[in-house]
Amino acid sequence: MYAAGKLDEYEAWVRGVTKLDILSMLDLTLGNGGIVKGEKVIQYLIGMAGDAVIEALPIKYTAVAADVFEEKEVWLQSGRLFDAIRASIAIPLFFTPHEVNGRTLVDGGVLNPVPMAATLADETDLTIAVNLMGKPKVEVPEHASSSLIQGDEDLRRDQEEHEQGWAFEQTLKRYLQDFQTTLTERLMPNLGLYDMANRSFDTMQGTIARLKLATYPPDVLIEIERDRCGMLEFDRANEMIPLGYERAAKALKK
């Protein structure tokens, strides 16, 4: 959205998103390698940014995907922008794979969560990487009284979020429970399919990210703890955007 010159419009939208809005954009399916087709959200973004072509963007852009049959990293640097984006967000088992130029593609994070190599051919003055697979967040209260106050506040906030997102949570959980029962109950009786896939994907991405960053270190690295925000928690934008600014400022200051 930034490369297309539509970041302000996107930010205004995402700051107002609710859990029910997210639910309305999940076009669920039982086949084709995933549980969400992703067509609704892509059409919404096209409506916001236009059906842009990568070569015509004012800022150079590369989306990174993975070819599941060739087992190769794929750099998408031409063609329809939202074809490239759809392929690069196809998280295995969640979004269905996306076909581009005859290749079946999934999220590039399968092979490379922080794809620095894609920038090496560019004549850039500064390379900034954002790693969303940082170590999990651990908070230690300064003293008992502040811990108690924070606990009360967390309890109140959790209650509000529960009430606001009840419909979303219940609908998605029911669907995933049915999905698990029909396909994986005998294989994984103690872990839901989505939970297992999400944990496995995070573990894999965290390990790969560390290796890739050691091989291709950026000039500036911004790290966000991987448990700061869930994959579907777009309704937390008002919390996450300031965190991004804060971490970026701190990293650039170094």
# chains A, B, ... in the order shown; residues from 1 in each chain; ligands from 1
$ select_by_dssp --residues "range 66-124 of chain A" --states "alpha helix (DSSP H)" --output "list in words"
Leu81, Phe82, Asp83, Ala84, Ile85, Arg86, Ala87 and Ser88 of chain A
$ closest_atom_pairs --of "range 81-141 of chain A" --to "range 57-62 of chain A" --cutoff "12 Å" --atoms "only C-alpha atoms" --output "Markdown table"
| residue | atom | partner | partner_atom | distance |
| --- | --- | --- | --- | --- |
| A:Leu81 | CA | A:Leu57 | CA | 9.0 |
| A:Phe82 | CA | A:Thr62 | CA | 11.7 |
| A:Asp83 | CA | A:Thr62 | CA | 11.9 |
| A:Ala84 | CA | A:Thr62 | CA | 8.4 |
| A:Ile85 | CA | A:Thr62 | CA | 9.4 |
| A:Ala87 | CA | A:Thr62 | CA | 11.9 |
| A:Ser88 | CA | A:Thr62 | CA | 10.0 |
| A:Gly108 | CA | A:Thr62 | CA | 11.3 |
| A:Pro115 | CA | A:Thr62 | CA | 9.8 |
| A:Met116 | CA | A:Thr62 | CA | 11.0 |
| A:Ala117 | CA | A:Thr62 | CA | 11.1 |
| A:Ala118 | CA | A:Thr62 | CA | 7.4 |
| A:Thr119 | CA | A:Thr62 | CA | 8.7 |
| A:Ala121 | CA | A:Thr62 | CA | 11.8 |
| A:Asp122 | CA | A:Lys60 | CA | 9.5 |
| A:Glu123 | CA | A:Lys60 | CA | 11.5 |
| A:Thr124 | CA | A:Lys60 | CA | 11.2 |
$ closest_residue --among "A:Gly33, A:Gly50, A:Gly38, A:Gly244" --to "Leu132 in chain A" --atoms "only C-alpha atoms"
A:Gly244
$ residues_around --residues "Pro218 in chain A" --least-positions-apart "5" --cutoff "10 Å" --atoms "only C-alpha atoms" --output "tab-separated table (two decimals) with N, CA, C and O atoms, in the first residue's frame"
chain	number	residue	atom	x	y	z
A	114	VAL	N	12.53	-13.00	6.17
A	114	VAL	CA	13.12	-11.65	6.03
A	114	VAL	C	13.99	-11.65	4.78
A	114	VAL	O	15.21	-11.81	4.85
A	116	MET	N	16.15	-10.49	2.61
A	116	MET	CA	17.13	-9.44	2.32
A	116	MET	C	17.78	-9.60	0.95
A	116	MET	O	18.15	-8.62	0.31
A	117	ALA	N	17.94	-10.84	0.48
A	117	ALA	CA	18.62	-11.08	-0.79
A	117	ALA	C	17.94	-10.36	-1.95
A	117	ALA	O	18.59	-9.98	-2.92
A	119	THR	N	17.02	-7.46	-2.09
A	119	THR	CA	17.43	-6.05	-2.17
A	119	THR	C	18.86	-5.88	-2.65
A	119	THR	O	19.30	-4.76	-2.89
A	126	LEU	N	20.51	2.80	2.12
A	126	LEU	CA	20.23	2.24	3.44
A	126	LEU	C	19.18	1.15	3.30
A	126	LEU	O	18.17	1.33	2.63
A	127	THR	N	19.43	0.02	3.92
A	127	THR	CA	18.47	-1.09	3.90
A	127	THR	C	17.94	-1.31	5.31
A	127	THR	O	18.70	-1.51	6.25
A	128	ILE	N	16.61	-1.24	5.45
A	128	ILE	CA	15.95	-1.43	6.74
A	128	ILE	C	15.11	-2.70	6.67
A	128	ILE	O	14.28	-2.85	5.78
A	129	ALA	N	15.33	-3.60	7.61
A	129	ALA	CA	14.56	-4.84	7.66
A	129	ALA	C	13.67	-4.83	8.90
A	129	ALA	O	14.07	-4.34	9.96
A	130	VAL	N	12.46	-5.38	8.75
A	130	VAL	CA	11.55	-5.55	9.88
A	130	VAL	C	11.34	-7.04	10.11
A	130	VAL	O	10.81	-7.73	9.24
A	213	LEU	N	19.15	-13.45	8.49
A	213	LEU	CA	19.68	-12.15	8.91
A	213	LEU	C	21.17	-12.22	9.20
A	213	LEU	O	21.90	-11.24	9.00
$ closest_residue --among "A:Val68, A:Phe95, A:Leu7, A:Trp75" --to "Glu39 in chain A" --atoms "only C-alpha atoms"
A:Phe95
$ closest_residue --among "A:Gly47, A:Gly230, A:Pro97, A:Pro242" --to "Ala66 in chain A" --atoms "only C-alpha atoms"
A:Pro97
